[in-house]
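What follows is the content of query24.cif (mmCIF, C-alpha atoms and all ligand atoms).
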```
data_run
#
loop_
_atom_site.label_atom_id
_atom_site.label_comp_id
_atom_site.auth_asym_id
_atom_site.auth_seq_id
_atom_site.Cartn_x
_atom_site.Cartn_y
_atom_site.Cartn_z
CA MET A 1 106.83 117.12 89.33
CA LEU A 2 105.54 115.50 86.15
CA PRO A 3 102.74 112.98 86.80
CA ILE A 4 104.14 110.66 84.11
CA LEU A 5 107.82 109.83 83.82
CA LEU A 6 109.40 108.38 80.69
CA LYS A 7 112.81 106.82 80.28
CA ILE A 8 113.88 105.10 77.08
CA GLU A 9 116.63 102.54 77.26
CA ALA A 10 117.65 99.65 74.98
CA GLY A 11 114.41 99.69 73.01
CA ILE A 12 112.20 99.81 76.10
CA ALA A 13 110.04 102.78 77.15
CA TYR A 14 109.79 102.78 80.93
CA ILE A 15 106.67 104.74 81.87
CA THR A 16 106.00 105.53 85.53
CA LEU A 17 102.73 106.81 86.99
CA ASN A 18 104.09 109.48 89.27
CA ARG A 19 101.76 110.82 91.95
CA PRO A 20 103.07 108.60 94.72
CA ASP A 21 101.53 110.57 97.62
CA LYS A 22 98.09 109.84 96.09
CA LEU A 23 98.93 106.23 95.23
CA ASN A 24 99.22 107.45 91.61
CA ALA A 25 95.50 108.24 91.38
CA PHE A 26 94.66 109.72 87.98
CA ASN A 27 93.82 113.37 87.50
CA ARG A 28 93.25 114.94 84.08
CA GLU A 29 96.84 116.10 83.69
CA MET A 30 98.15 112.61 84.34
CA ALA A 31 95.61 110.94 82.03
CA LEU A 32 96.35 113.29 79.13
CA LEU A 33 100.10 113.00 79.60
CA LEU A 34 99.89 109.21 79.64
CA GLN A 35 97.96 109.32 76.36
CA LYS A 36 100.59 111.57 74.78
CA THR A 37 103.40 109.38 76.09
CA LEU A 38 101.78 106.26 74.62
CA ASP A 39 101.39 108.09 71.29
CA ASP A 40 105.07 109.03 71.36
CA CYS A 41 105.97 105.40 72.08
CA ALA A 42 103.83 104.23 69.17
CA ALA A 43 105.51 106.69 66.79
CA ASP A 44 109.09 105.97 67.86
CA GLU A 45 110.33 102.98 65.85
CA SER A 46 113.24 102.42 68.20
CA ILE A 47 110.80 101.55 71.02
CA ARG A 48 109.92 97.86 70.90
CA CYS A 49 108.33 97.37 74.31
CA ILE A 50 106.52 99.53 76.86
CA TYR A 51 106.92 98.89 80.59
CA LEU A 52 104.34 100.62 82.81
CA THR A 53 104.66 100.78 86.59
CA GLY A 54 103.85 103.08 89.51
CA ALA A 55 106.11 105.27 91.67
CA GLY A 56 106.19 104.61 95.41
CA LYS A 57 104.16 101.98 97.21
CA GLY A 58 101.08 101.83 95.00
CA PHE A 59 100.48 101.07 91.32
CA CYS A 60 97.37 103.23 90.89
CA ALA A 61 94.33 103.99 93.07
CA GLY A 62 92.13 104.82 90.05
CA GLN A 63 90.45 108.14 89.58
CA ASP A 64 91.55 110.99 91.88
CA LEU A 65 88.35 111.39 93.85
CA ALA A 66 89.27 114.92 94.94
CA GLU A 67 89.19 115.93 91.27
CA VAL A 68 85.72 114.41 90.88
CA ALA A 69 84.45 116.47 93.81
CA ASP A 70 86.13 119.65 92.55
CA PRO A 71 83.54 121.99 90.93
CA ASN A 72 86.35 123.23 88.66
CA GLY A 73 87.35 119.69 87.73
CA PRO A 74 86.80 118.11 84.32
CA GLY A 75 83.32 116.77 85.22
CA MET A 76 81.88 113.29 84.96
CA GLN A 77 80.97 113.53 81.28
CA LYS A 78 84.63 113.98 80.28
CA ILE A 79 86.36 111.50 82.58
CA LEU A 80 85.67 108.33 80.63
CA SER A 81 85.52 109.73 77.11
CA GLU A 82 88.62 111.94 77.42
CA HIS A 83 90.70 110.18 80.09
CA TYR A 84 90.29 106.43 80.50
CA ASN A 85 88.75 105.22 77.24
CA PRO A 86 91.54 106.72 75.12
CA ILE A 87 94.15 105.17 77.44
CA ILE A 88 92.65 101.69 77.09
CA GLU A 89 92.26 102.09 73.31
CA ARG A 90 95.90 103.13 73.06
CA ILE A 91 97.23 100.23 75.15
CA ARG A 92 95.18 97.64 73.21
CA ASN A 93 95.87 99.11 69.76
CA LEU A 94 99.56 99.87 70.21
CA PRO A 95 101.28 97.40 67.88
CA LYS A 96 103.98 96.72 70.48
CA PRO A 97 103.95 94.71 73.71
CA VAL A 98 102.96 96.49 76.91
CA VAL A 99 104.25 95.00 80.16
CA ILE A 100 102.36 96.15 83.24
CA ALA A 101 104.45 95.81 86.39
CA ILE A 102 102.09 96.20 89.33
CA ASN A 103 104.20 97.37 92.23
CA GLY A 104 101.41 97.80 94.80
CA VAL A 105 97.70 98.39 95.17
CA ALA A 106 95.69 98.63 91.92
CA ALA A 107 92.17 99.96 92.52
CA GLY A 108 89.29 101.06 90.29
CA ALA A 109 90.47 102.35 86.92
CA GLY A 110 94.02 101.59 88.13
CA ALA A 111 93.23 97.86 88.19
CA ASN A 112 91.44 97.86 84.87
CA ILE A 113 94.18 99.80 83.10
CA ALA A 114 96.57 97.13 84.39
CA PHE A 115 94.41 94.34 82.95
CA ALA A 116 94.60 95.95 79.51
CA GLY A 117 98.32 95.09 79.34
CA ASP A 118 99.80 92.27 77.27
CA VAL A 119 101.94 90.76 80.00
CA VAL A 120 100.71 91.67 83.47
CA VAL A 121 102.85 90.83 86.49
CA SER A 122 102.84 91.98 90.07
CA THR A 123 104.79 92.05 93.25
CA ALA A 124 103.60 89.63 95.95
CA SER A 125 102.35 92.43 98.21
CA ALA A 126 100.11 94.03 95.55
CA ASN A 127 96.36 93.78 95.76
CA PHE A 128 93.46 94.43 93.44
CA ILE A 129 90.16 96.16 94.15
CA GLN A 130 87.20 96.73 91.86
CA ALA A 131 86.50 99.77 94.04
CA PHE A 132 83.73 101.24 91.87
CA SER A 133 80.59 99.80 93.50
CA LYS A 134 81.75 101.02 96.89
CA ILE A 135 81.29 104.61 95.73
CA GLY A 136 78.19 103.92 93.64
CA LEU A 137 79.84 103.48 90.25
CA ILE A 138 80.25 100.68 87.74
CA PRO A 139 83.57 99.21 86.56
CA ASP A 140 85.05 101.24 83.72
CA SER A 141 88.32 101.41 81.78
CA GLY A 142 87.28 98.21 80.03
CA GLY A 143 86.98 96.21 83.24
CA SER A 144 83.48 94.97 82.48
CA PHE A 145 84.91 93.58 79.22
CA THR A 146 88.30 92.35 80.39
CA LEU A 147 87.68 90.92 83.84
CA PRO A 148 85.02 88.29 82.96
CA ARG A 149 87.26 87.14 80.11
CA LEU A 150 90.25 86.84 82.44
CA ILE A 151 88.67 85.21 85.46
CA GLY A 152 85.20 84.04 84.36
CA PHE A 153 81.77 85.57 84.71
CA GLN A 154 80.95 84.51 88.26
CA ARG A 155 84.17 85.69 89.86
CA ALA A 156 84.06 88.94 87.90
CA SER A 157 80.47 89.51 88.92
CA ALA A 158 81.18 88.91 92.61
CA LEU A 159 84.30 91.07 92.65
CA MET A 160 82.61 93.92 90.80
CA MET A 161 79.64 93.91 93.15
CA LEU A 162 81.41 93.27 96.45
CA GLY A 163 84.54 95.30 95.73
CA ASP A 164 86.59 92.80 97.74
CA LYS A 165 90.33 93.27 97.99
CA VAL A 166 92.14 90.41 96.19
CA ALA A 167 95.72 89.55 97.12
CA ALA A 168 98.27 89.00 94.35
CA SER A 169 98.49 85.25 95.01
CA GLU A 170 94.72 84.89 94.64
CA ALA A 171 94.66 87.18 91.59
CA LEU A 172 97.30 84.94 89.99
CA GLN A 173 95.29 81.81 90.73
CA MET A 174 92.17 83.42 89.25
CA GLY A 175 93.95 84.36 86.01
CA MET A 176 94.12 88.14 86.47
CA LEU A 177 97.92 88.06 86.20
CA TYR A 178 100.65 86.22 84.34
CA LYS A 179 103.15 85.98 87.21
CA VAL A 180 103.78 87.22 90.73
CA PHE A 181 107.32 87.89 91.92
CA ASP A 182 108.47 88.35 95.48
CA GLU A 183 109.39 91.85 96.54
CA ASN A 184 113.14 91.36 96.04
CA ASN A 185 112.91 90.00 92.50
CA PHE A 186 109.94 91.95 91.20
CA GLU A 187 111.77 94.79 89.48
CA ALA A 188 114.52 92.66 87.94
CA GLU A 189 112.17 89.89 86.80
CA SER A 190 109.56 92.22 85.35
CA LYS A 191 112.24 94.19 83.49
CA LYS A 192 113.68 90.92 82.20
CA ILE A 193 110.32 90.20 80.57
CA ALA A 194 110.39 93.63 78.92
CA ALA A 195 113.95 93.04 77.68
CA THR A 196 112.94 89.68 76.20
CA LEU A 197 109.97 91.22 74.40
CA ALA A 198 112.07 94.15 73.12
CA GLY A 199 114.37 91.64 71.40
CA MET A 200 111.56 89.72 69.74
CA PRO A 201 109.94 90.15 66.29
CA THR A 202 107.97 93.29 67.15
CA LYS A 203 105.67 93.21 64.16
CA ALA A 204 104.58 89.64 64.92
CA LEU A 205 103.85 90.68 68.52
CA GLY A 206 101.70 93.52 67.17
CA PHE A 207 99.81 91.06 64.96
CA ILE A 208 99.29 88.75 67.95
CA LYS A 209 97.66 91.67 69.77
CA GLN A 210 95.44 92.39 66.79
CA ALA A 211 94.35 88.74 66.63
CA LEU A 212 93.65 88.59 70.36
CA ASN A 213 91.68 91.85 70.29
CA ALA A 214 89.49 90.54 67.48
CA SER A 215 89.03 87.10 69.08
CA ALA A 216 86.81 88.65 71.73
CA THR A 217 84.00 89.19 69.25
CA ASN A 218 84.85 87.20 66.08
CA THR A 219 83.33 83.90 65.04
CA ILE A 220 85.80 81.06 64.45
CA THR A 221 85.39 81.56 60.70
CA GLN A 222 86.18 85.28 60.95
CA GLN A 223 89.10 84.54 63.23
CA LEU A 224 90.57 81.96 60.83
CA ALA A 225 90.37 84.52 58.03
CA LEU A 226 92.07 87.12 60.21
CA GLU A 227 94.83 84.67 61.15
CA ASP A 228 95.38 84.05 57.45
CA THR A 229 95.66 87.77 56.70
CA LEU A 230 97.93 88.50 59.64
CA GLN A 231 100.11 85.46 58.98
CA GLN A 232 100.76 86.71 55.42
CA GLN A 233 101.81 90.03 56.88
CA ALA A 234 104.02 88.38 59.49
CA ALA A 235 105.62 86.20 56.82
CA ALA A 236 106.49 89.32 54.83
CA THR A 237 108.60 90.79 57.66
CA LYS A 238 112.40 90.84 57.78
CA ASP A 239 112.23 89.26 61.21
CA PHE A 240 110.46 86.17 59.87
CA LYS A 241 113.19 85.76 57.27
CA GLU A 242 115.80 86.15 60.00
CA GLY A 243 114.01 83.65 62.29
CA VAL A 244 113.98 80.94 59.63
CA GLN A 245 117.55 81.70 58.50
CA ALA A 246 118.87 81.60 62.06
CA PHE A 247 117.13 78.29 62.70
CA LEU A 248 118.65 76.73 59.59
CA GLU A 249 122.10 78.11 60.45
CA LYS A 250 121.73 76.90 64.06
CA ARG A 251 122.37 80.36 65.51
CA ILE A 252 120.48 82.80 67.72
CA PRO A 253 118.29 85.12 65.61
CA ILE A 254 118.86 88.87 65.72
CA TYR A 255 115.51 90.59 65.31
CA GLN A 256 115.21 94.22 64.28
CA GLY A 257 111.50 94.67 64.77
CA LYS A 258 111.06 95.08 61.03
C1 LIG A 301 93.56 109.04 96.86
C2 LIG A 301 92.94 108.02 96.13
C3 LIG A 301 92.04 108.39 95.11
C4 LIG A 301 92.45 110.61 95.65
C5 LIG A 301 94.21 107.10 97.57
N1 LIG A 301 91.82 109.69 94.92
N2 LIG A 301 93.31 110.31 96.62
C6 LIG A 301 85.59 106.92 86.68
C7 LIG A 301 84.55 107.82 86.39
C8 LIG A 301 84.39 108.98 87.18
C9 LIG A 301 84.62 109.16 88.43
C10 LIG A 301 85.24 108.28 89.31
O1 LIG A 301 86.13 107.33 88.90
C11 LIG A 301 86.22 106.63 87.82
C12 LIG A 301 87.13 105.51 87.85
C13 LIG A 301 87.59 105.01 89.18
O2 LIG A 301 88.74 104.72 89.31
S1 LIG A 301 86.48 104.85 90.46
C14 LIG A 301 87.45 104.24 91.80
C15 LIG A 301 88.28 105.30 92.44
N3 LIG A 301 89.20 104.76 93.42
C16 LIG A 301 88.82 104.38 94.63
O3 LIG A 301 87.67 104.43 95.00
C17 LIG A 301 89.92 103.92 95.54
C18 LIG A 301 90.12 104.92 96.66
N4 LIG A 301 91.26 104.55 97.49
C19 LIG A 301 91.21 103.59 98.40
O4 LIG A 301 90.21 102.94 98.63
C20 LIG A 301 92.47 103.35 99.21
O5 LIG A 301 93.28 104.49 99.11
C21 LIG A 301 93.27 102.12 98.73
C22 LIG A 301 92.48 100.84 99.10
C23 LIG A 301 93.51 102.15 97.24
C24 LIG A 301 94.63 102.09 99.44
O6 LIG A 301 94.45 102.21 100.82
P1 LIG A 301 95.70 102.56 101.78
O7 LIG A 301 96.86 101.74 101.40
O8 LIG A 301 95.18 102.49 103.16
O9 LIG A 301 96.13 104.06 101.39
P2 LIG A 301 95.37 105.42 101.78
O10 LIG A 301 93.92 105.28 101.63
O11 LIG A 301 95.90 105.91 103.09
O12 LIG A 301 95.88 106.40 100.61
C25 LIG A 301 97.13 107.10 100.65
C26 LIG A 301 96.88 108.50 100.16
O13 LIG A 301 96.43 108.44 98.82
C27 LIG A 301 95.79 109.22 100.94
O14 LIG A 301 96.10 110.59 100.96
P3 LIG A 301 96.54 111.33 102.32
O15 LIG A 301 96.72 112.75 101.92
O16 LIG A 301 95.40 111.10 103.30
O17 LIG A 301 97.81 110.63 102.74
C28 LIG A 301 94.57 109.01 100.12
O18 LIG A 301 93.59 109.97 100.30
C29 LIG A 301 95.17 109.10 98.72
N5 LIG A 301 94.35 108.40 97.75
N6 LIG A 301 93.35 106.83 96.62
N7 LIG A 301 91.44 107.48 94.35
#
```

Could you quickly redo this structure as structure tokens?
Ligand code: LHQ
Amino acid sequence: MLPILLKIEAGIAYITLNRPDKLNAFNREMALLLQKTLDDCAADESIRCIYLTGAGKGFCAGQDLAEVADPNGPGMQKILSEHYNPIIERIRNLPKPVVIAINGVAAGAGANIAFAGDVVVSTASANFIQAFSKIGLIPDSGGSFTLPRLIGFQRASALMMLGDKVAASEALQMGMLYKVFDENNFEAESKKIAATLAGMPTKALGFIKQALNASATNTITQQLALEDTLQQQAAATKDFKEGVQAFLEKRIPIYQGK
């Protein structure tokens, strides 16, 4: 059984974390295959949106702790540099939207990978745990960067230290998520978001990501200059031409992601 499943349909790459009996906890094989799958999605021009979810009842329980304890395992010095950091870099630098559809518990690196997404939604029964401190670790997979920016310093600090379990409704209120859907609508509604994004001007969405990534550290002056550069690039796309043309002709635009 492959630990990562990929299905491509109508411009969307559906990626599923697939170790359901371990709540999709990451081992090396799964981390490396996710990296390769994200690379394939980046290279394939027909893919205009990535949709990442988990198989079974959990989204992802973070690092497989049995692998950490295994003397033949990859070892602590490789886990961040070869597993999680490259995953986060890929999600943030992929010039296409990544929808994260959190179908159940998201703990440790599993939660922080989720927060790296561009549109992050969950089912109402999901919950979120910064599980690291409970086993004597610090938040990784970008969590110490992302979480305070999403929910504010104080809440991030408390959650990272206490490792409290946060229900989806509370996570939504805090700003960890974009939307929460009830169990019955979750799959359809989250896939609808992916379908919308896959029909949008892909290059502009990639530039939006680039601008948001840089905004975390830029000054306003640097950010204005970057907006100028990226806007020139967006204005040079076929999709921009189509967007303006469709508006003037009072019709729905047909974007090609070019
Ligand atoms: C698991 C796991 C798991 C293995 C559930 N591993 N089997 C970076 C640097 C280097 C090293 C370490 O890690 C990191 C990054 C990190 O992610 S650190 C944080 C690692 N994750 C955790 O500490 C979370 C551990 N899991 C849990 O606390 C619970 O499983 C949660 C709260 C996520 C879910 O609880 P339940 O819904 O009660 O499920 P469960 O505990 O019964 O789990 C179901 C099965 O999944 C079970 O296996 P079994 O064979 O007994 O049915 C668990 O052992 C297995 N599982 N998480 N991380």

Handout entry: Protein and nucleic residues near ligand LIG 301 (chain A), 8 Å, all atoms listed in the file, as a PyMOL selection string
Key = chain A and resi 20-26+58+60-68+76+79-80+84+105-110+129-132+134-135+137-141+165

Exercise for the section: Write out as a ChimeraX atom specification the residues lying within 8 Å of Lys179 in chain A, counting only C-alpha atoms and excluding same-chain residues fewer than 4 positions away. Expected result: /A:120-122,172

Exercise for the section: Calculate how many Å separate CA of Glu183 in chain A from CA of Ile102 in chain A, rounding to one decimal. Expected result: 11.1 Å

Exercise for the section: Take the point (109.3, 103.9, 74.5) as written in the file and pick out every residue within 6 Å of it, counting all atoms listed in the file; give the list as a ChimeraX atom specification. Expected result: /A:8,12-13,41,47,50

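Of note, CA of Val166 in chain A and CA of Ala194 in chain A are spaced 25.3 Å apart.
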
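Take the candidates A:Asn72, A:Asn18, A:Thr229, A:Ser144 and check each one against Leu33 in chain A using only C-alpha atoms; the shortest distance goes to A:Asn18.
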
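Interatomic distance, CA of Gly56 in chain A against CA of Thr16 in chain A: 9.9 Å.
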
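Among the candidates A:Glu249, A:Asp239, A:Asp164, A:Glu170, the one nearest to Ala126 in chain A when counting all atoms listed in the file is A:Glu170.
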
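Near Asn184 in chain A, within 12 Å and counting only C-alpha atoms, sit Asn103, Ser122, Thr123, Ala124, Ser125, Val180, Ala188, Glu189 and Ser190 of chain A; same-chain residues fewer than 4 positions away were not included.
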
Problem - Minimum-distance residue to Pro148 in chain A, chosen among A:Phe247, A:Phe128, A:Phe115, A:Tyr255 (using all atoms listed in the file) - result: A:Phe115

Problem - A:Gly143, A:Gly73, A:Leu5, A:Lys36 ranked by distance to Arg90 in chain A, top pick (using all atoms listed in the file) - result: A:Lys36

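With distances restricted to all atoms listed in the file, A:Gly117 is the closest residue to Leu177 in chain A from A:Gly152, A:Gly142, A:Pro95, A:Gly117.
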
Specify the axis-aligned box that encloses all atoms of range 3-21 of chain A listed in the file after padding of 3 Å on each side, stating its centre and edge lengths in Å to one decimal as JSON.
```
{"center_x": 109.6, "center_y": 106.3, "center_z": 85.3, "size_x": 22.1, "size_y": 19.3, "size_z": 30.6}
```

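Among A:Met30, A:Gly75, A:Arg19, A:Leu38, the residue with the shortest atom-to-atom distance to Gly54 in chain A, counting all atoms listed in the file, is A:Arg19.
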
Can I get range 155-174 of chain A with N, CA and C atoms filled in, as a tab-separated table (two decimals), in the frame of the given file?
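File out_20.tsv, as written:
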```tsv
chain	number	residue	atom	x	y	z
A	155	ARG	N	83.20	85.00	89.01
A	155	ARG	CA	84.17	85.69	89.86
A	155	ARG	C	84.19	87.18	89.57
A	156	ALA	N	84.08	87.52	88.27
A	156	ALA	CA	84.06	88.94	87.90
A	156	ALA	C	82.83	89.61	88.51
A	157	SER	N	81.71	88.95	88.40
A	157	SER	CA	80.47	89.51	88.92
A	157	SER	C	80.58	89.76	90.43
A	158	ALA	N	81.06	88.77	91.15
A	158	ALA	CA	81.18	88.91	92.61
A	158	ALA	C	82.15	90.02	92.99
A	159	LEU	N	83.29	90.05	92.31
A	159	LEU	CA	84.30	91.07	92.65
A	159	LEU	C	83.81	92.47	92.30
A	160	MET	N	83.11	92.59	91.19
A	160	MET	CA	82.61	93.92	90.80
A	160	MET	C	81.52	94.40	91.75
A	161	MET	N	80.71	93.49	92.24
A	161	MET	CA	79.64	93.91	93.15
A	161	MET	C	80.15	94.11	94.57
A	162	LEU	N	80.96	93.18	95.05
A	162	LEU	CA	81.41	93.27	96.45
A	162	LEU	C	82.56	94.25	96.64
A	163	GLY	N	83.37	94.43	95.61
A	163	GLY	CA	84.54	95.30	95.73
A	163	GLY	C	85.58	94.74	96.69
A	164	ASP	N	85.62	93.41	96.82
A	164	ASP	CA	86.59	92.80	97.74
A	164	ASP	C	88.02	93.05	97.30
A	165	LYS	N	88.89	93.13	98.29
A	165	LYS	CA	90.33	93.27	97.99
A	165	LYS	C	90.89	91.86	97.71
A	166	VAL	N	91.58	91.71	96.58
A	166	VAL	CA	92.14	90.41	96.19
A	166	VAL	C	93.66	90.49	96.27
A	167	ALA	N	94.25	89.57	97.01
A	167	ALA	CA	95.72	89.55	97.12
A	167	ALA	C	96.33	89.03	95.82
A	168	ALA	N	97.60	89.39	95.60
A	168	ALA	CA	98.27	89.00	94.35
A	168	ALA	C	98.23	87.50	94.13
A	169	SER	N	98.46	86.72	95.18
A	169	SER	CA	98.49	85.25	95.01
A	169	SER	C	97.15	84.74	94.51
A	170	GLU	N	96.06	85.31	95.05
A	170	GLU	CA	94.72	84.89	94.64
A	170	GLU	C	94.42	85.38	93.21
A	171	ALA	N	94.86	86.61	92.94
A	171	ALA	CA	94.66	87.18	91.59
A	171	ALA	C	95.36	86.31	90.55
A	172	LEU	N	96.54	85.82	90.90
A	172	LEU	CA	97.30	84.94	89.99
A	172	LEU	C	96.52	83.65	89.74
A	173	GLN	N	96.04	83.07	90.84
A	173	GLN	CA	95.29	81.81	90.73
A	173	GLN	C	94.02	81.99	89.89
A	174	MET	N	93.40	83.16	90.00
A	174	MET	CA	92.17	83.42	89.25
A	174	MET	C	92.42	83.67	87.76
```
